[in-house]
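Student: Supplied in structure tokens, the structure appears directly below.
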Amino acid sequence: MTVTRFAPSPNGPLHLGHAFSAIVAHDRAIRDQGEFLLRIEDIDGARSRPELAAEFREDLDWLRLSYREVAPQSSRVGDYRTAANELRAMGILYPCTCTRAEVAAAAVAHGPDGPLYPGTCLRRGPTPGPQVAWRLDMEQATLLAGELEWTDERHGVQIATPEIFGDVILWRKDAPASYHLAVTLDDATDGVTHVTRGMDLFRATHIHRLLQHLLGLPVPVWHHHPLLVEADGRKLAKRRDAPALADRRRAGEDGRAVAAEVRATLFDTGISLSDAIDQCP
Ligand code: GLU
Ligand code: ZN
């Protein structure tokens, strides 16, 4: 059975870009008589606003997207720890005490998410303590995994190139698991068969595919949809002054009509409009 999910982080209200993402996931599941899941990604303690989760549910109801909600990330930290320990036992995680500024200062190359970690702590071998992050030894991990592929429904078969990210952090100092570890485990636990999300996360999939291999997890298909943008090219989801779905809902707008409008724009016109970009930012 086709299972998709919408996985918002409760650190700000949902906007039209999120509605689009949810509709893509919902409709993809419905097309196959599958199931659409809602998962609240609330492990970023500092930025998380738990009260927003209730708003998200109401927003989806307002858009007439029916969903089954699965466990929020905050309740799954034990699973993340188990997986991190498994990777540690394989000898491919190492502790890192560097600050962001130290990494930036020592970096000699840049990856998709910023400065590439120069491997300082891999060579130094610091003593693990509470103020330690755990990084994936990308060279060892990719050696172990060999060549991996993954498939995107819209973009075809991809060769995984997780090395473009360098030694990513999988366990954070200030929060439990990193996004990469958490989302990979959750999608497996929740039985997600089609990971639908925006093109902004396209390259992150290289890391997720590697983690699936290392942890022996099932491999889904991905569906990276274009991002809705404003005429001036700004991402809709990130535009601060765009009205939140919750505001439009409370102002009495008809959510069914909003959803219909999103579907009409994006599906009838073949997503070719200037309002959508389809490349990695
Ligand atoms: N929680 C992530 C976000 O709100 C989405 C993660 C995903 O879809 O993989 O951007
Ligand atoms: Zn370090």
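Labeling convention for the structure tokens: chains A, B, ... as they appear, residues from 1 per chain, ligands from 1 in order of appearance.
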Which residues of chain A sit at most 7 Å from ligand 2, using only C-alpha atoms and all ligand atoms? Give each one's shortest atom pair and distance in Å (one decimal place), in chain and ascending residue order, as JSON lines.

Tutor:
```
{"residue": "A:Cys96", "atom": "CA", "partner": "ligand 2", "partner_atom_place_in_ligand_line": "1 (Zn)", "distance": 3.7}
{"residue": "A:Thr97", "atom": "CA", "partner": "ligand 2", "partner_atom_place_in_ligand_line": "1 (Zn)", "distance": 4.7}
{"residue": "A:Cys98", "atom": "CA", "partner": "ligand 2", "partner_atom_place_in_ligand_line": "1 (Zn)", "distance": 3.9}
{"residue": "A:Gly119", "atom": "CA", "partner": "ligand 2", "partner_atom_place_in_ligand_line": "1 (Zn)", "distance": 6.7}
{"residue": "A:Thr120", "atom": "CA", "partner": "ligand 2", "partner_atom_place_in_ligand_line": "1 (Zn)", "distance": 5.2}
{"residue": "A:Cys121", "atom": "CA", "partner": "ligand 2", "partner_atom_place_in_ligand_line": "1 (Zn)", "distance": 4.1}
```

Student: Which residues are near A:Asp190? Cut-off 12 Å, only C-alpha atoms, ignore same chain within fewer than 6 positions. Put them as number ranges by chain.

Tutor: A: 2-7, 35-39, 68-73, 76, 182-184, 217-218, 220

Student: Quick one: write out the picked residues with C-alpha atoms as a short mmCIF file (atom, residue, chain, number, x, y, z; two decimals), in the first residue's frame?

Tutor:
```cif
data_model
loop_
_atom_site.label_atom_id
_atom_site.label_comp_id
_atom_site.auth_asym_id
_atom_site.auth_seq_id
_atom_site.Cartn_x
_atom_site.Cartn_y
_atom_site.Cartn_z
CA THR A 2 1.19 3.49 -0.83
CA VAL A 3 1.94 5.50 2.30
CA THR A 4 2.95 9.16 2.19
CA ARG A 5 3.46 11.73 4.89
CA PHE A 6 3.51 15.42 5.66
CA ALA A 7 6.12 16.15 8.32
CA GLU A 35 -2.69 6.31 3.37
CA PHE A 36 -1.59 9.85 4.19
CA LEU A 37 0.21 10.42 7.50
CA LEU A 38 0.90 13.49 9.60
CA ARG A 39 4.09 13.47 11.66
CA ARG A 68 -3.63 9.57 10.30
CA GLU A 69 -1.29 11.12 12.81
CA VAL A 70 1.71 9.06 13.88
CA ALA A 71 3.95 9.57 16.91
CA PRO A 72 5.74 12.92 17.08
CA GLN A 73 9.53 12.88 16.92
CA ARG A 76 11.00 8.60 19.52
CA ALA A 182 15.40 11.12 12.76
CA VAL A 183 13.62 11.41 9.43
CA THR A 184 15.25 8.28 8.01
CA LEU A 217 16.10 -0.09 6.64
CA PRO A 218 13.64 -0.46 3.76
CA PRO A 220 11.18 3.96 -0.26
#
```

Student: Near stretch 164-180 of chain A, counting only C-alpha atoms, which residues have an atom at most 7 Å away, once you skip same-chain residues fewer than 3 positions from it, shown as JSON, numbers by chain?

Tutor: {"A": [43, 44, 45, 77, 80, 111, 112, 116, 117, 131, 132, 133, 134, 135, 136, 137, 138, 161, 183, 184, 208]}

Student: Residues of stretch 21-111 of chain A that have any atom at most 9 Å from an atom of stretch 237-261 of chain A: could you tabulate them with the shortest-distance atom pair and the distance in Å to one decimal, using only C-alpha atoms, ordered by chain and increasing number, as a tab-separated table?

Tutor:
```
residue	atom	partner	partner_atom	distance
A:Ile23	CA	A:Ala259	CA	7.5
A:Glu55	CA	A:Ala246	CA	6.8
A:Phe56	CA	A:Ala246	CA	8.2
A:Glu58	CA	A:Ala246	CA	8.0
A:Asp59	CA	A:Ala246	CA	6.3
A:Leu60	CA	A:Gly255	CA	8.8
A:Asp61	CA	A:Gly255	CA	8.4
A:Trp62	CA	A:Gly255	CA	4.9
A:Leu63	CA	A:Gly255	CA	4.5
A:Arg64	CA	A:Arg256	CA	6.1
A:Leu65	CA	A:Ala259	CA	8.9
```

Student: For N, CA, C and O atoms, I'd like the residues from the last selection saved as a CSV table (one decimal), in the first residue's frame.

Tutor:
```csv
chain,number,residue,atom,x,y,z
A,23,ILE,N,-0.8,18.7,0.2
A,23,ILE,CA,-1.7,18.3,-0.9
A,23,ILE,C,-1.1,17.3,-1.8
A,23,ILE,O,-1.6,16.2,-2.2
A,55,GLU,N,-2.6,23.6,15.7
A,55,GLU,CA,-2.9,24.5,14.6
A,55,GLU,C,-2.8,23.7,13.3
A,55,GLU,O,-3.6,23.8,12.3
A,56,PHE,N,-1.7,22.9,13.2
A,56,PHE,CA,-1.4,22.2,12.0
A,56,PHE,C,-2.6,21.2,11.7
A,56,PHE,O,-3.0,21.0,10.5
A,58,GLU,N,-5.6,21.5,12.6
A,58,GLU,CA,-6.8,22.2,12.2
A,58,GLU,C,-6.6,22.7,10.7
A,58,GLU,O,-7.6,22.8,10.0
A,59,ASP,N,-5.4,23.1,10.4
A,59,ASP,CA,-5.2,23.6,9.0
A,59,ASP,C,-5.5,22.4,8.0
A,59,ASP,O,-6.1,22.7,7.0
A,60,LEU,N,-5.0,21.2,8.3
A,60,LEU,CA,-5.3,20.1,7.4
A,60,LEU,C,-6.7,19.8,7.3
A,60,LEU,O,-7.3,19.5,6.2
A,61,ASP,N,-7.4,19.9,8.5
A,61,ASP,CA,-8.9,19.6,8.4
A,61,ASP,C,-9.6,20.7,7.6
A,61,ASP,O,-10.4,20.4,6.8
A,62,TRP,N,-9.1,21.9,7.7
A,62,TRP,CA,-9.7,23.0,6.9
A,62,TRP,C,-9.5,22.8,5.4
A,62,TRP,O,-10.3,23.1,4.6
A,63,LEU,N,-8.3,22.3,5.1
A,63,LEU,CA,-8.0,22.0,3.7
A,63,LEU,C,-8.7,20.7,3.2
A,63,LEU,O,-8.6,20.4,2.0
A,64,ARG,N,-9.4,20.1,4.1
A,64,ARG,CA,-10.1,18.8,3.8
A,64,ARG,C,-9.2,17.7,3.4
A,64,ARG,O,-9.4,16.9,2.6
A,65,LEU,N,-8.0,17.7,4.1
A,65,LEU,CA,-7.1,16.6,3.8
A,65,LEU,C,-7.2,15.6,5.0
A,65,LEU,O,-6.8,16.0,6.2
```

Student: How many Å separate atom CA of A:His224 from atom CA of A:His155?

Tutor: 8.1 Å

Student: Between atom CA of A:Arg197 and atom 8 (O, counted along the ligand's line) of ligand 1, measure the distance and give it in Å to one decimal.

Tutor: 4.8 Å

Student: Neighbours of A:Ala104 within 10 Å (only C-alpha atoms; same-chain residues fewer than 2 positions away dropped), as a list in words?

Tutor: Cys98, Thr99, Arg100, Ala101, Glu102, Ala106, Ala107, Val108, Ala109, His110, Gly114, Pro115, Leu116, Tyr117 and Pro118 of chain A

Student: Restricted to all heavy atoms, what would the selected residues look like written as a short mmCIF file (atom, residue, chain, number, x, y, z; two decimals), in the first residue's frame?

Tutor:
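Once written, out19.cif looks like this:
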```cif
data_model
loop_
_atom_site.label_atom_id
_atom_site.label_comp_id
_atom_site.auth_asym_id
_atom_site.auth_seq_id
_atom_site.Cartn_x
_atom_site.Cartn_y
_atom_site.Cartn_z
N CYS A 98 33.88 20.60 18.19
CA CYS A 98 34.08 21.89 17.52
C CYS A 98 32.82 22.77 17.60
O CYS A 98 31.71 22.27 17.52
CB CYS A 98 34.41 21.68 16.06
SG CYS A 98 35.90 20.73 15.80
N THR A 99 33.05 24.06 17.71
CA THR A 99 31.94 25.00 17.60
C THR A 99 31.72 25.29 16.12
O THR A 99 32.59 25.03 15.28
CB THR A 99 32.27 26.32 18.31
OG1 THR A 99 33.40 26.91 17.65
CG2 THR A 99 32.59 26.11 19.77
N ARG A 100 30.56 25.88 15.84
CA ARG A 100 30.24 26.24 14.46
C ARG A 100 31.31 27.18 13.90
O ARG A 100 31.74 27.05 12.75
CB ARG A 100 28.89 26.96 14.48
CG ARG A 100 28.10 26.83 13.22
CD ARG A 100 26.81 27.63 13.38
NE ARG A 100 25.81 26.87 14.11
CZ ARG A 100 24.83 26.19 13.52
NH1 ARG A 100 24.73 26.18 12.22
NH2 ARG A 100 23.94 25.53 14.23
N ALA A 101 31.77 28.11 14.75
CA ALA A 101 32.78 29.08 14.30
C ALA A 101 34.10 28.39 13.98
O ALA A 101 34.78 28.72 13.00
CB ALA A 101 32.99 30.14 15.38
N GLU A 102 34.46 27.41 14.81
CA GLU A 102 35.71 26.66 14.55
C GLU A 102 35.63 25.90 13.24
O GLU A 102 36.60 25.85 12.47
CB GLU A 102 35.98 25.68 15.71
CG GLU A 102 36.53 26.35 16.95
CD GLU A 102 36.55 25.44 18.18
OE1 GLU A 102 35.78 24.45 18.24
OE2 GLU A 102 37.34 25.74 19.08
N ALA A 106 38.05 26.56 9.98
CA ALA A 106 38.98 25.53 9.51
C ALA A 106 38.58 24.92 8.18
O ALA A 106 39.37 24.21 7.56
CB ALA A 106 39.09 24.44 10.58
N ALA A 107 37.34 25.18 7.74
CA ALA A 107 36.83 24.52 6.53
C ALA A 107 37.60 24.96 5.29
O ALA A 107 37.94 26.12 5.15
CB ALA A 107 35.35 24.81 6.36
N VAL A 108 37.88 24.00 4.41
CA VAL A 108 38.55 24.36 3.16
C VAL A 108 37.61 24.21 1.96
O VAL A 108 37.94 24.61 0.86
CB VAL A 108 39.82 23.50 2.92
CG1 VAL A 108 40.91 23.91 3.90
CG2 VAL A 108 39.52 22.01 3.06
N ALA A 109 36.43 23.63 2.20
CA ALA A 109 35.49 23.46 1.09
C ALA A 109 34.07 23.62 1.60
O ALA A 109 33.82 23.54 2.80
CB ALA A 109 35.67 22.07 0.48
N HIS A 110 33.15 23.86 0.67
CA HIS A 110 31.75 24.03 1.03
C HIS A 110 30.89 22.93 0.43
O HIS A 110 31.12 22.50 -0.68
CB HIS A 110 31.25 25.40 0.56
CG HIS A 110 31.57 26.48 1.56
ND1 HIS A 110 32.85 26.89 1.81
CD2 HIS A 110 30.76 27.20 2.38
CE1 HIS A 110 32.83 27.82 2.75
NE2 HIS A 110 31.57 28.03 3.11
N GLY A 114 26.64 24.25 3.74
CA GLY A 114 27.61 25.17 4.33
C GLY A 114 28.99 24.56 4.35
O GLY A 114 29.28 23.62 3.61
N PRO A 115 29.86 25.09 5.23
CA PRO A 115 31.25 24.63 5.24
C PRO A 115 31.35 23.12 5.49
O PRO A 115 30.65 22.60 6.35
CB PRO A 115 31.90 25.42 6.38
CG PRO A 115 30.83 26.21 7.04
CD PRO A 115 29.58 26.12 6.23
N LEU A 116 32.22 22.47 4.75
CA LEU A 116 32.42 21.03 4.97
C LEU A 116 33.31 20.84 6.18
O LEU A 116 34.32 21.53 6.34
CB LEU A 116 33.10 20.40 3.76
CG LEU A 116 32.25 20.12 2.53
CD1 LEU A 116 33.05 19.31 1.51
CD2 LEU A 116 30.96 19.37 2.88
N TYR A 117 32.95 19.90 7.01
CA TYR A 117 33.74 19.66 8.22
C TYR A 117 35.13 19.16 7.84
O TYR A 117 35.27 18.20 7.08
CB TYR A 117 33.03 18.63 9.10
CG TYR A 117 33.74 18.46 10.41
CD1 TYR A 117 33.79 19.52 11.30
CD2 TYR A 117 34.37 17.28 10.73
CE1 TYR A 117 34.47 19.39 12.51
CE2 TYR A 117 35.05 17.14 11.93
CZ TYR A 117 35.09 18.20 12.81
OH TYR A 117 35.77 18.08 13.98
N PRO A 118 36.19 19.83 8.34
CA PRO A 118 37.54 19.47 7.92
C PRO A 118 38.11 18.22 8.61
O PRO A 118 39.26 17.87 8.38
CB PRO A 118 38.36 20.72 8.28
CG PRO A 118 37.60 21.38 9.38
CD PRO A 118 36.15 21.02 9.21
#
```

Student: Could you check the closest approach to ligand 1 for each of A:His213, A:Arg263, A:Arg57, A:Arg203 and tell me which residue wins, using only C-alpha atoms and all ligand atoms?

Tutor: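 Closest to ligand 1, using only C-alpha atoms and all ligand atoms: A:Arg203.
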